[in-house]
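Report on one structure; see the data block that follows.
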Amino acid sequence: MTPRSFPADPIFADESERVVWDALMDQLPADAAVVCNLKILSTVQEYEMDFVVFCPDLGVAVLEVKGGNVTPNEDQTFTQKDRKGQREIDPMGQATTNMHELRRFLGLKSSVQHFSARPAVVLPYGSLSRSYSRPLIPRESIHDELDLPNLADRLMRDMSNHHFRPTVLEVRGLLTALSVPLALQKSLMEKGIERENQVTELTEQQFKILDLCVAMPKFSVLGSAGCGKTFIAIEQTRRRAALGDRLLFLCYNYGLAEYIRRRFETFPENERPTTVGTLHSLGRKWNMEYVQSDADGFWDTELPGLLVDHLRTMTIENKYDTVVIDEAQDFHPDWWDVVVGALKDPEQGRIYAFGDTRQGIFRQAVDIPLVQSKLHLDVNLRNALPIAQLAALCVEEPLHLSGLDGPPVKWVESTTELSTLAADAQVEELIAQGWDPREICVLTTGSRHGIQKRDGEGTLKAQYWRTFFEDDSTFHYTTSGFKGLERRVVVLAMNGWKEEERKRDILYTAVTRARDVLIICGSKEEIVHAGGKEFFKKLKP
C-alpha cells in the first residue's frame with residue numbers, strides 16, 4: 001500500500017516536484033501522509049509549502065523542492081539555473097520560514113501540543129558533496145539526485161533525531177486542522193490557468209528560431225506535436241505581413257484554417273495575411289470557376305492542376321510575396337506546384353512550411369520539399385507531462401518534455417462499440433466537477449460521434465465548426481478532422497480505425513490534442529494493440 005496524498009492526484013508547477021512526489025509515494029510507509037502544495041494565508045503574506053510529510057511516531061518534515069541545476073555557494077545560499085535563467089536562492093531559509101508558519105497555524109487550529117517539524121531541501125537534479133556542511137544546513141537535511149532512491153529513509157532518519165513524534169491520532173488531528181488551507185488549494189481548473197501562462201511564455205521562447213533564419217527565403221520547421229509549430233507559423237506570418245508582404249496562409253483542415261483566421265482577426269490589420277484557408281478553398285477565394293467531381297483523384301491531383309492553370313492567368317498584383325503552410329506534412333506532392341505558382345517570384349519568393357511527419361493520418365506523410373533549409377523543434381511544451389510521456393511512446397525518435405505537470409491520464413474500460421457512450425459519461429462527470437464544457441472535446445478514432453453526424457454533416461459543417469469557437473458546449477469531432485487544434489480536456493473514444501495501418505499515428509495525434517487532461521475510453525486489448533504495453537502501463541484506471 002502507498003501513503004496517503006492530499007490531494008490524491010496533485011498538479012505540480014514543475015516536473016521536479018512530480019519526481020519528488022513519485023519518490024515519496026514509492027518509498028514512504030502506508031501510514032504516512034503527504035500534503036502537496038500547501039498554502040497558508042496570514043495577514044502578512046501567503047506561504048506555500050511544496051510538501052509536508054507526516055510519519056506517525058516519527059515526526060513531520062517540511063520540504064522545499066528546487067529544480068534545475070542547483071549548486072552551493074560559500075554561504076547557505078545556492079545558485080539555480082533553469083529555463084528562466086540564473087538566480088541566487090535560499091531553499092533552507094524558505095523551508096525554515098514555512099516550518100515556523102505551519103507551527104503557528106497549527107498552534108491556533110489544533111489541540112496538538114508542542115508541534116514542530118524538520119525543514120528539509122530536495123534538489124532532484126542537483127549534486128552535492130558528501131562533505132557539504134553549513135552552520136544552518138546539516139547534510140542530512142538536504143537531499144540531492146543521488147539521495148532520491150533513499151529519500152524516505154533519509155527523511156525518516158532526520159525526523160527520528162527530532163523531539164516531536166506525533167501519534168497516529170495526532171497526525172489525524174493535524175490533517176483535520178489543515179482541512180481549511182487544504183480546501184484553499186488551487187483547483188485543477190485554476191492550476192490550468194497558471195499552466196496556460198507558462199505554456200504561452202515557453203511558446204514565445206520558441207520564436208527565437210525565427211531570428212536564426214530571418215535571411216532564409218525558404219525553410220521548413222519540423223517538430224513533434226506540442227512544440228508550438230502553429231504558433232511559430234502565426235508569428236512568422238505576423239512578422240512578414242508587418243514588413244509589407246502580401247501573404248497566403250495555407251493548412252489542410254477546415255477547423256484549423258478557421259482557427260487561424262479568427263486568431264489573425266485579433267491582430268492589427270497590417271499584421272494579418274492577405275488570404276487564409278485550405279488549398280481546396282483557394283478556387284472559391286480566387287473566383288475560379290470549376291466543376292467539382294466525385295472522382296477519386298479530384299482533390300489530390302485534378303483540382304491542384306486546375307489551380308495551377310488558373311495561376312498562369314492571375315496578375316502579379318494578385319499573387320503573393322510569401323506563402324506560410326501549417327500541417328505541411330499532409331500536402332499531396334502535387335499541391336506544391338500550387339504553392340510555387342502562387343508566388344510573384346517563384347525563385348525569390350518566400351515559402352515557410354511547418355509540419356510533423358509523424359502525424360500522417362490522411363495519407364502516408366511525405367517529407368516537406370525544402371530540404372536545404374530544414375529546422376527542427378523537439379521540445380513538447382504544450383501537453384501536460386503525463387500526456388507528453390504517452391505521446392513519446394508512440395514515436396521512435398526521442399522527444400524532450402518541458403516538465404509542465406498535469407494529472408495522470410485516465411483509462412475508462414469500454415468496448416469499441418460502447419466507447420462513445422463511455423466518453424459521454426466522462427463528460428458529464430467532468431462538468432459536475434466544475435469544468436467548463438467549452439474546455440472539453442470528445443474525439444473519436446474511427447467513425448463520427450452521433451452529435452457530429454447529426455450537426456456537422458454536409459452544408460452544416462461550417463455552422464457546426466462555429467460551435468467550436470462560439471458555443472458554450474462540448475465539441476465532438478474525429479481525430480483526423482481535429483488535427484492541428486487542441487483543448488484543455490480531451491475525452492478519447494477508441495471506436496475503431498478507418499485505416500488499421502495508421503492507428504499508431506492516429507493515437508499519437510489524438511493524445512496530443514489534450515493540453516491538461518486526457519481520458520481514454522476503450523478496451524485494454526485495443527489500447528495495447530495501438531500504443532503498446534508500455535503505453536497502457538502509464539494509464540490510471
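Each chain in the C-alpha cells gets a letter, A, B, ..., in the order shown, and its residues are numbered from 1; ligands are numbered from 1 in order too.
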
Residues flagged strand (DSSP E or B) by DSSP in range 217-297 of chain A, as JSON, numbers by chain = {"A": [218, 219, 220, 221, 222, 223, 247, 248, 249, 250, 251, 275, 276, 277, 278]}

Write out as JSON lines the residues of range 53-122 of chain A that have any atom within 12 Å of an atom of range 144-157 of chain A, one row each with the nearest atom pair and its distance in Å to one decimal, counting only C-alpha atoms, sorted by chain and then rising number.
```
{"residue": "A:Val53", "atom": "CA", "partner": "A:Leu155", "partner_atom": "CA", "distance": 8.9}
{"residue": "A:Phe54", "atom": "CA", "partner": "A:Met156", "partner_atom": "CA", "distance": 9.7}
{"residue": "A:Cys55", "atom": "CA", "partner": "A:Met156", "partner_atom": "CA", "distance": 7.7}
{"residue": "A:Pro56", "atom": "CA", "partner": "A:Met156", "partner_atom": "CA", "distance": 10.3}
{"residue": "A:Asp57", "atom": "CA", "partner": "A:Met156", "partner_atom": "CA", "distance": 10.2}
{"residue": "A:Leu58", "atom": "CA", "partner": "A:Met156", "partner_atom": "CA", "distance": 6.7}
{"residue": "A:Gly59", "atom": "CA", "partner": "A:Met156", "partner_atom": "CA", "distance": 7.6}
{"residue": "A:Val60", "atom": "CA", "partner": "A:Met156", "partner_atom": "CA", "distance": 8.8}
{"residue": "A:Ala61", "atom": "CA", "partner": "A:Leu155", "partner_atom": "CA", "distance": 7.4}
{"residue": "A:Val62", "atom": "CA", "partner": "A:Leu155", "partner_atom": "CA", "distance": 10.0}
{"residue": "A:Leu63", "atom": "CA", "partner": "A:Leu155", "partner_atom": "CA", "distance": 9.6}
{"residue": "A:Val65", "atom": "CA", "partner": "A:Asp144", "partner_atom": "CA", "distance": 10.1}
{"residue": "A:Lys66", "atom": "CA", "partner": "A:Asp144", "partner_atom": "CA", "distance": 9.9}
{"residue": "A:Gly67", "atom": "CA", "partner": "A:Asp144", "partner_atom": "CA", "distance": 10.3}
{"residue": "A:Gly68", "atom": "CA", "partner": "A:Glu145", "partner_atom": "CA", "distance": 11.1}
{"residue": "A:Asn69", "atom": "CA", "partner": "A:Glu145", "partner_atom": "CA", "distance": 10.6}
{"residue": "A:Val70", "atom": "CA", "partner": "A:Asp144", "partner_atom": "CA", "distance": 9.4}
{"residue": "A:Thr71", "atom": "CA", "partner": "A:Asp144", "partner_atom": "CA", "distance": 10.4}
{"residue": "A:Pro72", "atom": "CA", "partner": "A:Asp144", "partner_atom": "CA", "distance": 11.5}
{"residue": "A:Ala117", "atom": "CA", "partner": "A:Leu155", "partner_atom": "CA", "distance": 11.3}
{"residue": "A:Arg118", "atom": "CA", "partner": "A:Leu155", "partner_atom": "CA", "distance": 8.9}
{"residue": "A:Pro119", "atom": "CA", "partner": "A:Leu155", "partner_atom": "CA", "distance": 10.0}
{"residue": "A:Ala120", "atom": "CA", "partner": "A:Leu155", "partner_atom": "CA", "distance": 8.1}
{"residue": "A:Val121", "atom": "CA", "partner": "A:Asp144", "partner_atom": "CA", "distance": 8.5}
{"residue": "A:Val122", "atom": "CA", "partner": "A:Asp144", "partner_atom": "CA", "distance": 6.0}
```

Just give me the gap between CA of Phe475 in chain A and CA of Ile440 in chain A in Å, one decimal is fine.
-> 6.7 Å

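Distances to Glu439 in chain A were evaluated for A:Gly456, A:Asp356, A:Leu518, A:Val511 using only C-alpha atoms, and the minimum falls at A:Leu518.
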
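Excluding range 273-284 of chain A itself and same-chain residues fewer than 5 positions from it, the residues having an atom within 8 Å of it are Thr237, Arg238, Ala241, Arg246, Leu247, Leu248, Phe249, Leu250, Cys251, Tyr252, Asn253, Tyr254, Ala257, Glu258, Ile260, Arg261, Phe264, Glu289, Tyr290, Trp299, Leu303, Leu307 and Trp335 of chain A, counting only C-alpha atoms.
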
May I have the selected residues written with C-alpha atoms, as an mmCIF file, in the first residue's frame?
```cif
data_model
loop_
_atom_site.group_PDB
_atom_site.id
_atom_site.type_symbol
_atom_site.label_atom_id
_atom_site.label_comp_id
_atom_site.auth_asym_id
_atom_site.auth_seq_id
_atom_site.Cartn_x
_atom_site.Cartn_y
_atom_site.Cartn_z
ATOM 1 C CA THR A 237 3.235 35.397 -40.745
ATOM 2 C CA ARG A 238 2.752 38.395 -38.475
ATOM 3 C CA ALA A 241 2.925 40.924 -43.003
ATOM 4 C CA ARG A 246 1.228 40.069 -49.497
ATOM 5 C CA LEU A 247 0.830 36.715 -47.775
ATOM 6 C CA LEU A 248 -1.027 33.413 -48.232
ATOM 7 C CA PHE A 249 -1.505 31.151 -45.166
ATOM 8 C CA LEU A 250 -2.445 27.556 -46.010
ATOM 9 C CA CYS A 251 -3.284 24.466 -43.951
ATOM 10 C CA TYR A 252 -5.101 21.175 -44.535
ATOM 11 C CA ASN A 253 -8.035 21.166 -42.098
ATOM 12 C CA TYR A 254 -11.064 23.424 -42.288
ATOM 13 C CA ALA A 257 -7.968 27.272 -41.062
ATOM 14 C CA GLU A 258 -10.930 28.806 -39.227
ATOM 15 C CA ILE A 260 -6.045 30.707 -37.831
ATOM 16 C CA ARG A 261 -8.425 33.168 -39.484
ATOM 17 C CA PHE A 264 -5.498 36.932 -37.019
ATOM 18 C CA GLU A 289 -14.863 28.562 -61.988
ATOM 19 C CA TYR A 290 -14.694 24.750 -61.960
ATOM 20 C CA TRP A 299 -8.968 16.753 -54.631
ATOM 21 C CA LEU A 303 -8.147 20.389 -58.588
ATOM 22 C CA LEU A 307 -5.424 25.826 -59.696
ATOM 23 C CA TRP A 335 -0.008 20.610 -54.236
#
```

What is the CA of Glu327 in chain A to CA of Gln348 in chain A distance in Å?
-> 23.0 Å

Assign secondary structure with DSSP using the backbone only, and return the residues of range 156-350 of chain A in helix (DSSP H, G or I) as a compact mmCIF listing (two decimals) with N, CA and C atoms, in the first residue's frame.
```txt
# COMPACT_ATOMS: atom_id res chain seq x y z
N MET A 156 12.98 10.03 7.22
CA MET A 156 12.55 9.43 8.48
C MET A 156 13.70 9.38 9.49
N ARG A 157 14.93 9.19 9.02
CA ARG A 157 16.08 9.21 9.91
C ARG A 157 16.26 10.61 10.50
N ASP A 158 16.05 11.63 9.64
CA ASP A 158 16.17 13.01 10.09
C ASP A 158 15.07 13.33 11.11
N MET A 159 13.83 12.85 10.86
CA MET A 159 12.73 13.07 11.80
C MET A 159 13.00 12.42 13.15
N SER A 160 13.60 11.24 13.11
CA SER A 160 13.82 10.49 14.36
C SER A 160 14.80 11.20 15.29
N VAL A 168 -0.54 8.32 15.82
CA VAL A 168 -1.47 8.20 14.69
C VAL A 168 -2.65 9.14 14.87
N LEU A 169 -3.19 9.23 16.11
CA LEU A 169 -4.33 10.10 16.37
C LEU A 169 -3.94 11.56 16.22
N GLU A 170 -2.72 11.91 16.63
CA GLU A 170 -2.28 13.30 16.49
C GLU A 170 -2.09 13.68 15.03
N VAL A 171 -1.57 12.76 14.22
CA VAL A 171 -1.44 13.04 12.79
C VAL A 171 -2.82 13.26 12.18
N ARG A 172 -3.78 12.44 12.59
CA ARG A 172 -5.15 12.61 12.08
C ARG A 172 -5.69 13.98 12.49
N GLY A 173 -5.41 14.40 13.71
CA GLY A 173 -5.88 15.70 14.17
C GLY A 173 -5.21 16.85 13.41
N LEU A 174 -3.92 16.69 13.12
CA LEU A 174 -3.20 17.72 12.37
C LEU A 174 -3.75 17.86 10.95
N LEU A 175 -4.04 16.74 10.32
CA LEU A 175 -4.60 16.78 8.96
C LEU A 175 -5.99 17.40 8.98
N THR A 176 -6.77 17.12 10.03
CA THR A 176 -8.09 17.75 10.16
C THR A 176 -7.95 19.25 10.31
N ALA A 177 -6.98 19.68 11.11
CA ALA A 177 -6.75 21.12 11.29
C ALA A 177 -6.34 21.80 10.00
N SER A 179 -7.58 21.11 7.17
CA SER A 179 -8.64 20.99 6.17
C SER A 179 -9.00 22.33 5.56
N VAL A 180 -8.88 23.42 6.32
CA VAL A 180 -9.21 24.74 5.77
C VAL A 180 -8.22 25.15 4.70
N PRO A 181 -6.90 25.17 5.01
CA PRO A 181 -5.98 25.54 3.92
C PRO A 181 -5.97 24.52 2.79
N LEU A 182 -6.22 23.23 3.11
CA LEU A 182 -6.29 22.26 2.03
C LEU A 182 -7.43 22.58 1.08
N ALA A 183 -8.54 23.05 1.63
CA ALA A 183 -9.67 23.43 0.79
C ALA A 183 -9.33 24.63 -0.07
N LEU A 188 -7.85 22.13 -10.02
CA LEU A 188 -7.25 21.75 -11.30
C LEU A 188 -7.49 22.82 -12.35
N MET A 189 -8.69 23.41 -12.34
CA MET A 189 -9.00 24.43 -13.32
C MET A 189 -8.13 25.67 -13.11
N GLU A 190 -7.95 26.09 -11.83
CA GLU A 190 -7.12 27.26 -11.55
C GLU A 190 -5.66 26.98 -11.87
N LYS A 191 -5.22 25.77 -11.55
CA LYS A 191 -3.86 25.39 -11.91
C LYS A 191 -3.66 25.45 -13.42
N GLY A 192 -4.71 25.05 -14.13
CA GLY A 192 -4.64 25.07 -15.58
C GLY A 192 -4.41 26.46 -16.13
N ILE A 193 -5.02 27.47 -15.48
CA ILE A 193 -4.81 28.85 -15.92
C ILE A 193 -3.36 29.25 -15.74
N GLU A 194 -2.78 28.88 -14.60
CA GLU A 194 -1.35 29.15 -14.38
C GLU A 194 -0.52 28.45 -15.44
N ARG A 195 -0.88 27.21 -15.73
CA ARG A 195 -0.14 26.44 -16.71
C ARG A 195 -0.24 27.06 -18.10
N GLU A 196 -1.41 27.61 -18.43
CA GLU A 196 -1.56 28.27 -19.72
C GLU A 196 -0.60 29.44 -19.84
N ASN A 197 -0.43 30.18 -18.75
CA ASN A 197 0.51 31.30 -18.78
C ASN A 197 1.94 30.81 -18.98
N GLN A 198 2.29 29.69 -18.34
CA GLN A 198 3.61 29.12 -18.52
C GLN A 198 3.81 28.65 -19.96
N VAL A 199 2.80 27.99 -20.51
CA VAL A 199 2.90 27.49 -21.88
C VAL A 199 3.06 28.65 -22.86
N THR A 200 2.32 29.73 -22.63
CA THR A 200 2.44 30.90 -23.51
C THR A 200 3.87 31.44 -23.47
N GLU A 201 4.43 31.51 -22.26
CA GLU A 201 5.81 32.00 -22.12
C GLU A 201 6.79 31.09 -22.84
N LEU A 202 6.63 29.77 -22.68
CA LEU A 202 7.53 28.82 -23.33
C LEU A 202 7.39 28.87 -24.85
N THR A 203 6.15 29.00 -25.33
CA THR A 203 5.92 29.07 -26.77
C THR A 203 6.59 30.29 -27.37
N GLU A 204 6.50 31.41 -26.67
CA GLU A 204 7.14 32.63 -27.17
C GLU A 204 8.66 32.49 -27.20
N GLN A 205 9.20 31.68 -26.29
CA GLN A 205 10.64 31.44 -26.33
C GLN A 205 11.03 30.70 -27.61
N LYS A 208 12.42 32.28 -31.01
CA LYS A 208 13.83 32.60 -31.28
C LYS A 208 14.34 31.89 -32.53
N ILE A 209 13.72 30.77 -32.87
CA ILE A 209 14.16 30.04 -34.06
C ILE A 209 13.96 30.89 -35.31
N LEU A 210 12.96 31.78 -35.28
CA LEU A 210 12.72 32.66 -36.42
C LEU A 210 13.81 33.71 -36.57
N ASP A 211 14.41 34.10 -35.46
CA ASP A 211 15.51 35.07 -35.52
C ASP A 211 16.74 34.47 -36.20
N LEU A 212 16.89 33.15 -36.06
CA LEU A 212 18.07 32.50 -36.64
C LEU A 212 17.97 32.38 -38.16
N LYS A 229 4.42 24.59 -33.20
CA LYS A 229 4.66 24.92 -34.61
C LYS A 229 3.63 25.91 -35.15
N THR A 230 2.35 25.69 -34.85
CA THR A 230 1.31 26.57 -35.37
C THR A 230 1.51 28.00 -34.89
N PHE A 231 1.91 28.15 -33.63
CA PHE A 231 2.09 29.49 -33.08
C PHE A 231 3.33 30.17 -33.67
N ILE A 232 4.34 29.37 -33.99
CA ILE A 232 5.51 29.93 -34.65
C ILE A 232 5.15 30.33 -36.08
N ALA A 233 4.33 29.51 -36.74
CA ALA A 233 3.87 29.86 -38.09
C ALA A 233 3.08 31.16 -38.08
N ILE A 234 2.22 31.33 -37.08
CA ILE A 234 1.46 32.57 -36.95
C ILE A 234 2.39 33.76 -36.71
N GLU A 235 3.39 33.56 -35.86
CA GLU A 235 4.33 34.65 -35.58
C GLU A 235 5.13 35.03 -36.81
N GLN A 236 5.58 34.03 -37.58
CA GLN A 236 6.32 34.33 -38.81
C GLN A 236 5.44 35.09 -39.80
N THR A 237 4.19 34.69 -39.88
CA THR A 237 3.24 35.40 -40.74
C THR A 237 3.08 36.84 -40.30
N ARG A 238 2.90 37.03 -39.00
CA ARG A 238 2.75 38.40 -38.47
C ARG A 238 3.96 39.26 -38.82
N ARG A 239 5.15 38.70 -38.67
CA ARG A 239 6.37 39.47 -38.93
C ARG A 239 6.46 39.86 -40.41
N ARG A 240 6.19 38.90 -41.30
CA ARG A 240 6.30 39.19 -42.73
C ARG A 240 5.20 40.16 -43.19
N ALA A 241 4.01 40.01 -42.65
CA ALA A 241 2.93 40.92 -43.00
C ALA A 241 3.26 42.34 -42.54
N ALA A 242 3.84 42.47 -41.35
CA ALA A 242 4.21 43.79 -40.85
C ALA A 242 5.27 44.46 -41.72
N TYR A 254 -10.15 22.28 -42.35
CA TYR A 254 -11.06 23.42 -42.29
C TYR A 254 -11.06 24.05 -40.89
N GLY A 255 -11.12 23.20 -39.85
CA GLY A 255 -11.17 23.72 -38.49
C GLY A 255 -9.94 24.52 -38.14
N LEU A 256 -8.76 24.03 -38.51
CA LEU A 256 -7.53 24.75 -38.22
C LEU A 256 -7.49 26.06 -39.00
N ALA A 257 -7.94 26.04 -40.27
CA ALA A 257 -7.97 27.27 -41.06
C ALA A 257 -8.87 28.32 -40.41
N GLU A 258 -10.02 27.87 -39.88
CA GLU A 258 -10.93 28.81 -39.23
C GLU A 258 -10.31 29.36 -37.94
N TYR A 259 -9.59 28.49 -37.21
CA TYR A 259 -8.90 28.95 -36.01
C TYR A 259 -7.86 30.02 -36.36
N ILE A 260 -7.07 29.76 -37.41
CA ILE A 260 -6.05 30.71 -37.83
C ILE A 260 -6.69 32.03 -38.25
N ARG A 261 -7.76 31.95 -39.02
CA ARG A 261 -8.43 33.17 -39.48
C ARG A 261 -8.92 34.00 -38.30
N ARG A 262 -9.54 33.36 -37.34
CA ARG A 262 -10.05 34.07 -36.17
C ARG A 262 -8.91 34.62 -35.32
N ARG A 263 -7.82 33.88 -35.26
CA ARG A 263 -6.67 34.36 -34.48
C ARG A 263 -6.13 35.67 -35.07
N PHE A 264 -6.03 35.73 -36.38
CA PHE A 264 -5.50 36.93 -37.02
C PHE A 264 -6.46 38.11 -36.92
N GLU A 265 -7.73 37.85 -36.71
CA GLU A 265 -8.68 38.95 -36.55
C GLU A 265 -8.38 39.79 -35.31
N GLU A 269 -4.41 45.30 -38.41
CA GLU A 269 -4.66 44.97 -39.81
C GLU A 269 -3.38 44.80 -40.61
N ASN A 270 -2.34 45.56 -40.30
CA ASN A 270 -1.09 45.47 -41.06
C ASN A 270 -0.26 44.25 -40.68
N GLU A 271 -0.74 43.41 -39.73
CA GLU A 271 -0.03 42.20 -39.33
C GLU A 271 -0.81 40.95 -39.70
N LEU A 279 -6.05 24.53 -49.09
CA LEU A 279 -5.77 24.55 -50.52
C LEU A 279 -7.04 24.34 -51.32
N HIS A 280 -7.94 23.51 -50.81
CA HIS A 280 -9.18 23.22 -51.53
C HIS A 280 -10.12 24.42 -51.57
N SER A 281 -9.91 25.40 -50.70
CA SER A 281 -10.78 26.59 -50.70
C SER A 281 -10.28 27.69 -51.62
N LEU A 282 -9.09 27.51 -52.22
CA LEU A 282 -8.49 28.59 -52.99
C LEU A 282 -9.27 28.91 -54.26
N GLY A 283 -9.87 27.89 -54.88
CA GLY A 283 -10.65 28.16 -56.08
C GLY A 283 -11.74 29.18 -55.83
N ARG A 284 -12.45 28.99 -54.73
CA ARG A 284 -13.51 29.94 -54.38
C ARG A 284 -12.93 31.31 -54.03
N LYS A 285 -11.84 31.33 -53.27
CA LYS A 285 -11.24 32.60 -52.87
C LYS A 285 -10.67 33.37 -54.06
N PHE A 298 -9.80 13.71 -57.60
CA PHE A 298 -10.14 15.10 -57.86
C PHE A 298 -9.43 16.05 -56.90
N TRP A 299 -9.51 15.81 -55.61
CA TRP A 299 -8.97 16.75 -54.63
C TRP A 299 -7.44 16.71 -54.58
N ASP A 300 -6.86 15.54 -54.82
CA ASP A 300 -5.41 15.44 -54.71
C ASP A 300 -4.68 15.91 -55.97
N THR A 301 -5.22 15.63 -57.14
CA THR A 301 -4.48 15.93 -58.37
C THR A 301 -5.23 16.81 -59.36
N GLU A 302 -6.52 16.54 -59.58
CA GLU A 302 -7.25 17.29 -60.61
C GLU A 302 -7.44 18.75 -60.22
N LEU A 303 -7.95 19.00 -59.01
CA LEU A 303 -8.15 20.39 -58.59
C LEU A 303 -6.83 21.15 -58.51
N PRO A 304 -5.76 20.59 -57.91
CA PRO A 304 -4.48 21.31 -57.93
C PRO A 304 -4.04 21.66 -59.35
N GLY A 305 -4.26 20.77 -60.31
CA GLY A 305 -3.90 21.07 -61.69
C GLY A 305 -4.69 22.25 -62.22
N LEU A 306 -6.00 22.30 -61.88
CA LEU A 306 -6.82 23.43 -62.30
C LEU A 306 -6.36 24.73 -61.65
N LEU A 307 -5.93 24.64 -60.39
CA LEU A 307 -5.42 25.83 -59.70
C LEU A 307 -4.14 26.33 -60.34
N VAL A 308 -3.26 25.42 -60.72
CA VAL A 308 -2.01 25.83 -61.39
C VAL A 308 -2.33 26.52 -62.71
N ASP A 309 -3.27 25.98 -63.47
CA ASP A 309 -3.67 26.62 -64.72
C ASP A 309 -4.23 28.01 -64.47
N HIS A 310 -5.04 28.13 -63.42
CA HIS A 310 -5.63 29.44 -63.10
C HIS A 310 -4.55 30.45 -62.71
N LEU A 311 -3.55 29.99 -61.99
CA LEU A 311 -2.48 30.90 -61.55
C LEU A 311 -1.73 31.49 -62.73
N ARG A 312 -1.67 30.77 -63.84
CA ARG A 312 -0.97 31.29 -65.02
C ARG A 312 -1.68 32.51 -65.59
N THR A 313 -2.97 32.64 -65.31
CA THR A 313 -3.74 33.78 -65.82
C THR A 313 -3.86 34.90 -64.78
N ILE A 316 0.27 39.56 -61.50
CA ILE A 316 1.30 39.58 -60.46
C ILE A 316 0.78 40.24 -59.19
N GLU A 317 -0.02 41.28 -59.34
CA GLU A 317 -0.51 42.02 -58.17
C GLU A 317 -1.38 41.15 -57.27
N ASN A 318 -2.04 40.15 -57.85
CA ASN A 318 -2.92 39.28 -57.06
C ASN A 318 -2.21 38.06 -56.49
N ALA A 328 2.09 20.94 -42.95
CA ALA A 328 2.55 20.75 -44.33
C ALA A 328 2.78 19.30 -44.69
N GLN A 329 2.91 18.42 -43.69
CA GLN A 329 3.13 17.00 -44.00
C GLN A 329 1.92 16.38 -44.70
N ASP A 330 0.76 17.03 -44.59
CA ASP A 330 -0.45 16.50 -45.20
C ASP A 330 -0.60 16.92 -46.66
N PRO A 333 2.03 15.67 -52.88
CA PRO A 333 3.14 16.17 -53.68
C PRO A 333 2.71 17.12 -54.81
N ASP A 334 1.52 16.89 -55.41
CA ASP A 334 1.06 17.74 -56.50
C ASP A 334 0.69 19.15 -56.02
N TRP A 335 0.45 19.31 -54.73
CA TRP A 335 -0.01 20.61 -54.24
C TRP A 335 1.11 21.65 -54.20
N TRP A 336 2.35 21.17 -54.16
CA TRP A 336 3.46 22.13 -54.06
C TRP A 336 3.59 22.97 -55.34
N ASP A 337 3.09 22.46 -56.47
CA ASP A 337 3.08 23.28 -57.69
C ASP A 337 2.17 24.49 -57.51
N VAL A 338 1.08 24.32 -56.76
CA VAL A 338 0.19 25.44 -56.46
C VAL A 338 0.90 26.46 -55.57
N VAL A 339 1.62 25.96 -54.56
CA VAL A 339 2.34 26.85 -53.64
C VAL A 339 3.34 27.71 -54.40
N VAL A 340 4.15 27.07 -55.24
CA VAL A 340 5.16 27.82 -56.00
C VAL A 340 4.50 28.75 -57.01
N GLY A 341 3.44 28.28 -57.67
CA GLY A 341 2.75 29.09 -58.67
C GLY A 341 2.07 30.31 -58.08
```
